[in-house]
Amino acid sequence: MSQPILGTYYFPKSSKAHEAQLQVSGDMISLHYLGTCAEVFDINALKVSTEIPGVPMSIEFPDGAKFTAKESAIRLQPHRSNLAAMEKSKQLIVASVILVPLLLWFMIMVVMPRMAQASVAYLPEAIPEQMGKQAFKLIEELFLEPSTIEESTQQQVKQQWQQALSALNLSSDKYVLHVYASESLGPNAFALPDGTVVITDELLEKLIDKPDAVLAVLLHEIGHVEHRHSLRMVAQSVSNAVVFAMIFGDLESIGEILLGSGSTLVQSQFSRDMEREADEYALSHLVLLGKSTEAFAQAMQSFLDLSTGDKDPKLLKYLSSHPDTQERIDKARNYQQ
Amino acid sequence: MDVTETSVMDDSIDQEVQPTREVPVEFSGKSGEFFGIWIVNILLSIVTLGIYSAWAKVRTQQYFYGNTAIDGHRFEYLATPMQILKGRILAIILFVCYSLAVSFFPIVGLLFIFAMLFLSPWLINQGLRFNCRMTSYRNVRFSFAGSYGEAFMCFIILPIVGAITFYIALPWALRKMDEYVYSNINYGDKPLKVKLETSQYYLASLYVVVATGIIGAIIGALVVPVMGLDFANGTFDSTNPAGTVLFVFAYLFLISVATAVFRSHIRNHLFSVSEFEGLTRFKSAVRVVRFAQLLFVNSMAIILTLGLAYPWAKIQLAAFLANATALDMHDNADDVLDSMEEQKSSFGEEASELFDVDISLT
């Protein structure tokens with residue numbers, strides 16, 4: 001016969017409450033209130049709340065009545081929980097403090113990018129095709145105007161593009177080059193996942209006397225498409241969002257700011273890695289085409305000249321999605337030396 | 001004067017005349033205890049690739065509910081991890097489809113966004129209903145009675161109205177939203193009667209505008225020069241780490257004050273006009289300076305410890321809010337409570353198991 005368990009008894013399916021005691025003997029539990037034994041239950045017929053440190057157990061009886069203990073330390077023997085013991089274990093808590101950041105880092109920096117990369121490879125070609133087509137419609141509508149560059153110059157660029165494509169065995173049906181004017185995008189080139197590549201008038205004008213530099217920029221864009229970077233980006237940001245929401249679900253505003261800035265850092269880390277991959281693609285294919293990698297350096301140099309006002313400050317370097325331009329120029333100049 | 005008025009007014013005045021006793025809300029959660037629960041649960045969630053997070057959520061909720069007591073009776077959180085898990089799986093499917101559609105097929109994505117507009121009131125209702133039904137006090141469950149139409153009005157139409165009126169109608173829209181959420185809550189068969197006043201929402205908004213204006217000006221005068229923020233050129237000297245740190249401080253301070261000003265005013269008002277007739281009235285005396293202080297210290301602590309202070313901050317907040325809250329229970333509330341027998345809508349409603357979930361990631 002053990003000590004009686006003190007608590008409150010709630011009558012079946014009612015809020016009527018009474019101070020009561022439970023007496024455990026073997027497999028039987030008897031309920032006492034107002035000085036009398038009211039009922040006897042088989043311990044296995046009871047639904048006992050899961051053990052949470054600091055929360056008194058609550059027992060649901062078969063008839064819908066409830067009993068809540070006064071003290072949180074008291075539990076019925078067959079209902080002790082390993083989870084609560086883990087949550088109270090000093091060693092495990094210390095281990096968690098160390099392991100959680102490490103595992104999170106590993107998940108986000110290693111596991112999820114790999115999974116994203118692997119899964120993206122299995123996506124049917126129709127997905128990047130549709131993605132590119134639909135995105136192009138929207139971008140064309142919102143940001144692009146017809147080119148004002150002379151037809152002959154455009155033809156030159158496109159001809160060079162065609163030659164490069166056939167020399168590199170790339171499909172000229174897939175890779176279609178467009179020239180557009182765009183005030184909002186400025187000097188820019190971008191590729192859509194289906195192989196649509198757009199270069200703006202503003203950029204072409206900067207590089208007008210350096211056709212190989214134009215080619216270098218375009219090869220960089222092809223690199224993004226070949227590596228399916230935009231798909232990987234989407235897969236990763238979606239899976240990161242899911243993981244963060246699930247694990248840190250109930251964080252309020254400040255936690256979200258912290259997580260938000262954390263994932264911004266992670267995202268920009270990935271986009272810089274992707275830029276490097278695309279650079280690598282451009283450089284190696286310039287070599288394949290028998291061109292000098294200096295062309296890439298020249299293209300980068302003119303971007304650098306464009307942004308002279310911008311000092312590329314150290315602190316923001318980590319945040320910038322493109323690797324430091326000077327670094328890229330140096331890399332192009334030293335390529336395969 | 002009271003007597004003559006009472007005779008002509010309706011019965012809600014009668015209840016004010018009834019003797020009441022003030023009952024505090026007690027919160028007994030402890031930072032150390034909750035820290036263990038929190039960190040171990042995160043570890044288990046990561047190791048199980050997120051599956052355990054449903055258990056983690058239930059345990060966290062049970063910890064906070066179980067440590068909140070009124071009149072010696074603790075709250076209970078009744079959801080099972082499987083219900084949460086089901087809801088999360090549905091939410092993930094929805095979220096993944098949505099994000100993939102939006103990013104892979106932008107035009108199809110627009111259609112999806114449009115569809116979400118109509119789906120979200122249902123999801124919001126589902127969440128409110130679930131969370132109410134999973135809350136129990138003295139063996140009696142809460143419930144939520146809001147309808148899809150009202151939710152669509154409150155959460156889709158009104159925010160649009162708020163935006164197109166250049167936020168002039170926003171406080172009114174916020175009042176309507178709160179009214180919808182709170183006046184549809186039932187405890188057992190007792191509906192929560194809420195008489196919110198639009199003027200209080202405008203007042204709270206005005207306070208926020210004034211407070212942020214003043215603090216913004218002070219920050220502008222004292223902090224901005226140090227930060228190396230140059231408005232003329234629109235540049236920000238990010239090489240100055242002191243400036244960046246100060247900027248974060250100033251930003252958090254502003255957010256803390258704005259949140260404290262609005263929430264304390266609205267909370268105090270909401271509680272003062274809410275009542276379970278025949279049972280209890282509510283009182284909230286959140287003091288704005290203390291609240292702002294708490295929010296600011298909490299957010300600083302979380303940032304400086306890279307998140308490890310989160311359990312401590314959560315406990316501080318819960319304890320603070322509980323401490324600022326009290327009930328004016330009617331002396332005969334016990335009789336009313338004792339007579340609350342099983343109601344069709346309030347007890348053990350087992351129907352529609354499939355959708356008895358809160359479809360949310362959090």
# chains A, B, ... in the order shown; residues from 1 in each chain; ligands from 1
>>> residues_around(residues="Ile168 of chain B", least_positions_apart="3", cutoff="12 Å", atoms="only C-alpha atoms", output="list in words")
Leu158, Pro159, Ile160, Val161, Gly162, Ala163, Ile164, Thr165, Pro171, Trp172, Ala173, Leu174, Tyr201, Tyr202, Ser205 and Leu206 of chain B
>>> write_last_selection(atoms="N, CA and C atoms", output="PDB file, in the first residue's frame")
ATOM      1  N   LEU B 158     -11.562  42.543 -45.510  1.00  0.00           N
ATOM      2  CA  LEU B 158     -11.214  43.689 -44.668  1.00  0.00           C
ATOM      3  C   LEU B 158      -9.762  44.143 -44.817  1.00  0.00           C
ATOM      4  N   PRO B 159      -8.788  43.229 -44.886  1.00  0.00           N
ATOM      5  CA  PRO B 159      -7.408  43.712 -45.104  1.00  0.00           C
ATOM      6  C   PRO B 159      -7.281  44.488 -46.407  1.00  0.00           C
ATOM      7  N   ILE B 160      -8.040  44.063 -47.442  1.00  0.00           N
ATOM      8  CA  ILE B 160      -8.003  44.793 -48.710  1.00  0.00           C
ATOM      9  C   ILE B 160      -8.588  46.187 -48.512  1.00  0.00           C
ATOM     10  N   VAL B 161      -9.727  46.234 -47.785  1.00  0.00           N
ATOM     11  CA  VAL B 161     -10.334  47.534 -47.489  1.00  0.00           C
ATOM     12  C   VAL B 161      -9.345  48.405 -46.731  1.00  0.00           C
ATOM     13  N   GLY B 162      -8.667  47.788 -45.740  1.00  0.00           N
ATOM     14  CA  GLY B 162      -7.674  48.528 -44.959  1.00  0.00           C
ATOM     15  C   GLY B 162      -6.590  49.104 -45.855  1.00  0.00           C
ATOM     16  N   ALA B 163      -6.157  48.329 -46.834  1.00  0.00           N
ATOM     17  CA  ALA B 163      -5.057  48.765 -47.693  1.00  0.00           C
ATOM     18  C   ALA B 163      -5.502  49.850 -48.669  1.00  0.00           C
ATOM     19  N   ILE B 164      -6.700  49.681 -49.280  1.00  0.00           N
ATOM     20  CA  ILE B 164      -7.097  50.663 -50.293  1.00  0.00           C
ATOM     21  C   ILE B 164      -7.532  51.992 -49.679  1.00  0.00           C
ATOM     22  N   THR B 165      -7.811  52.001 -48.381  1.00  0.00           N
ATOM     23  CA  THR B 165      -8.128  53.284 -47.744  1.00  0.00           C
ATOM     24  C   THR B 165      -6.865  53.895 -47.143  1.00  0.00           C
ATOM     25  N   PRO B 171      -7.534  50.170 -38.454  1.00  0.00           N
ATOM     26  CA  PRO B 171      -7.896  49.877 -37.061  1.00  0.00           C
ATOM     27  C   PRO B 171      -9.302  49.293 -36.939  1.00  0.00           C
ATOM     28  N   TRP B 172     -10.203  49.819 -37.760  1.00  0.00           N
ATOM     29  CA  TRP B 172     -11.566  49.285 -37.747  1.00  0.00           C
ATOM     30  C   TRP B 172     -11.563  47.827 -38.204  1.00  0.00           C
ATOM     31  N   ALA B 173     -10.776  47.540 -39.262  1.00  0.00           N
ATOM     32  CA  ALA B 173     -10.678  46.168 -39.762  1.00  0.00           C
ATOM     33  C   ALA B 173     -10.090  45.250 -38.697  1.00  0.00           C
ATOM     34  N   LEU B 174      -9.098  45.749 -37.974  1.00  0.00           N
ATOM     35  CA  LEU B 174      -8.483  44.941 -36.911  1.00  0.00           C
ATOM     36  C   LEU B 174      -9.494  44.630 -35.814  1.00  0.00           C
ATOM     37  N   TYR B 201      -9.316  50.979 -30.893  1.00  0.00           N
ATOM     38  CA  TYR B 201      -8.337  50.542 -31.906  1.00  0.00           C
ATOM     39  C   TYR B 201      -7.682  51.737 -32.578  1.00  0.00           C
ATOM     40  N   TYR B 202      -8.494  52.798 -32.792  1.00  0.00           N
ATOM     41  CA  TYR B 202      -7.901  54.008 -33.366  1.00  0.00           C
ATOM     42  C   TYR B 202      -6.949  54.656 -32.368  1.00  0.00           C
ATOM     43  N   SER B 205      -3.774  52.713 -32.301  1.00  0.00           N
ATOM     44  CA  SER B 205      -2.989  52.986 -33.508  1.00  0.00           C
ATOM     45  C   SER B 205      -2.330  54.356 -33.420  1.00  0.00           C
ATOM     46  N   LEU B 206      -3.097  55.310 -32.892  1.00  0.00           N
ATOM     47  CA  LEU B 206      -2.554  56.662 -32.732  1.00  0.00           C
ATOM     48  C   LEU B 206      -1.343  56.639 -31.798  1.00  0.00           C
TER      49      LEU B 206
END
>>> residues_around(residues="segment 134-143 of chain A", least_positions_apart="6", cutoff="7 Å", atoms="only C-alpha atoms", output="MDAnalysis selection string")
(chainID A and resid 182 184) or (chainID B and resid 105:107)
>>> atom_distance(atom1="atom CA of Lys66 of chain A", atom2="atom CA of Gly66 of chain B")
14.4 Å
>>> residues_around(residues="Arg21 of chain B", least_positions_apart="2", cutoff="7 Å", atoms="only C-alpha atoms", output="PyMOL selection string")
chain B and resi 19+23+328-331
>>> atom_distance(atom1="atom CA of Asp27 of chain A", atom2="atom CA of Ile43 of chain A")
5.3 Å
>>> atom_distance(atom1="atom CA of Ala250 of chain B", atom2="atom CA of Asn298 of chain B")
14.5 Å
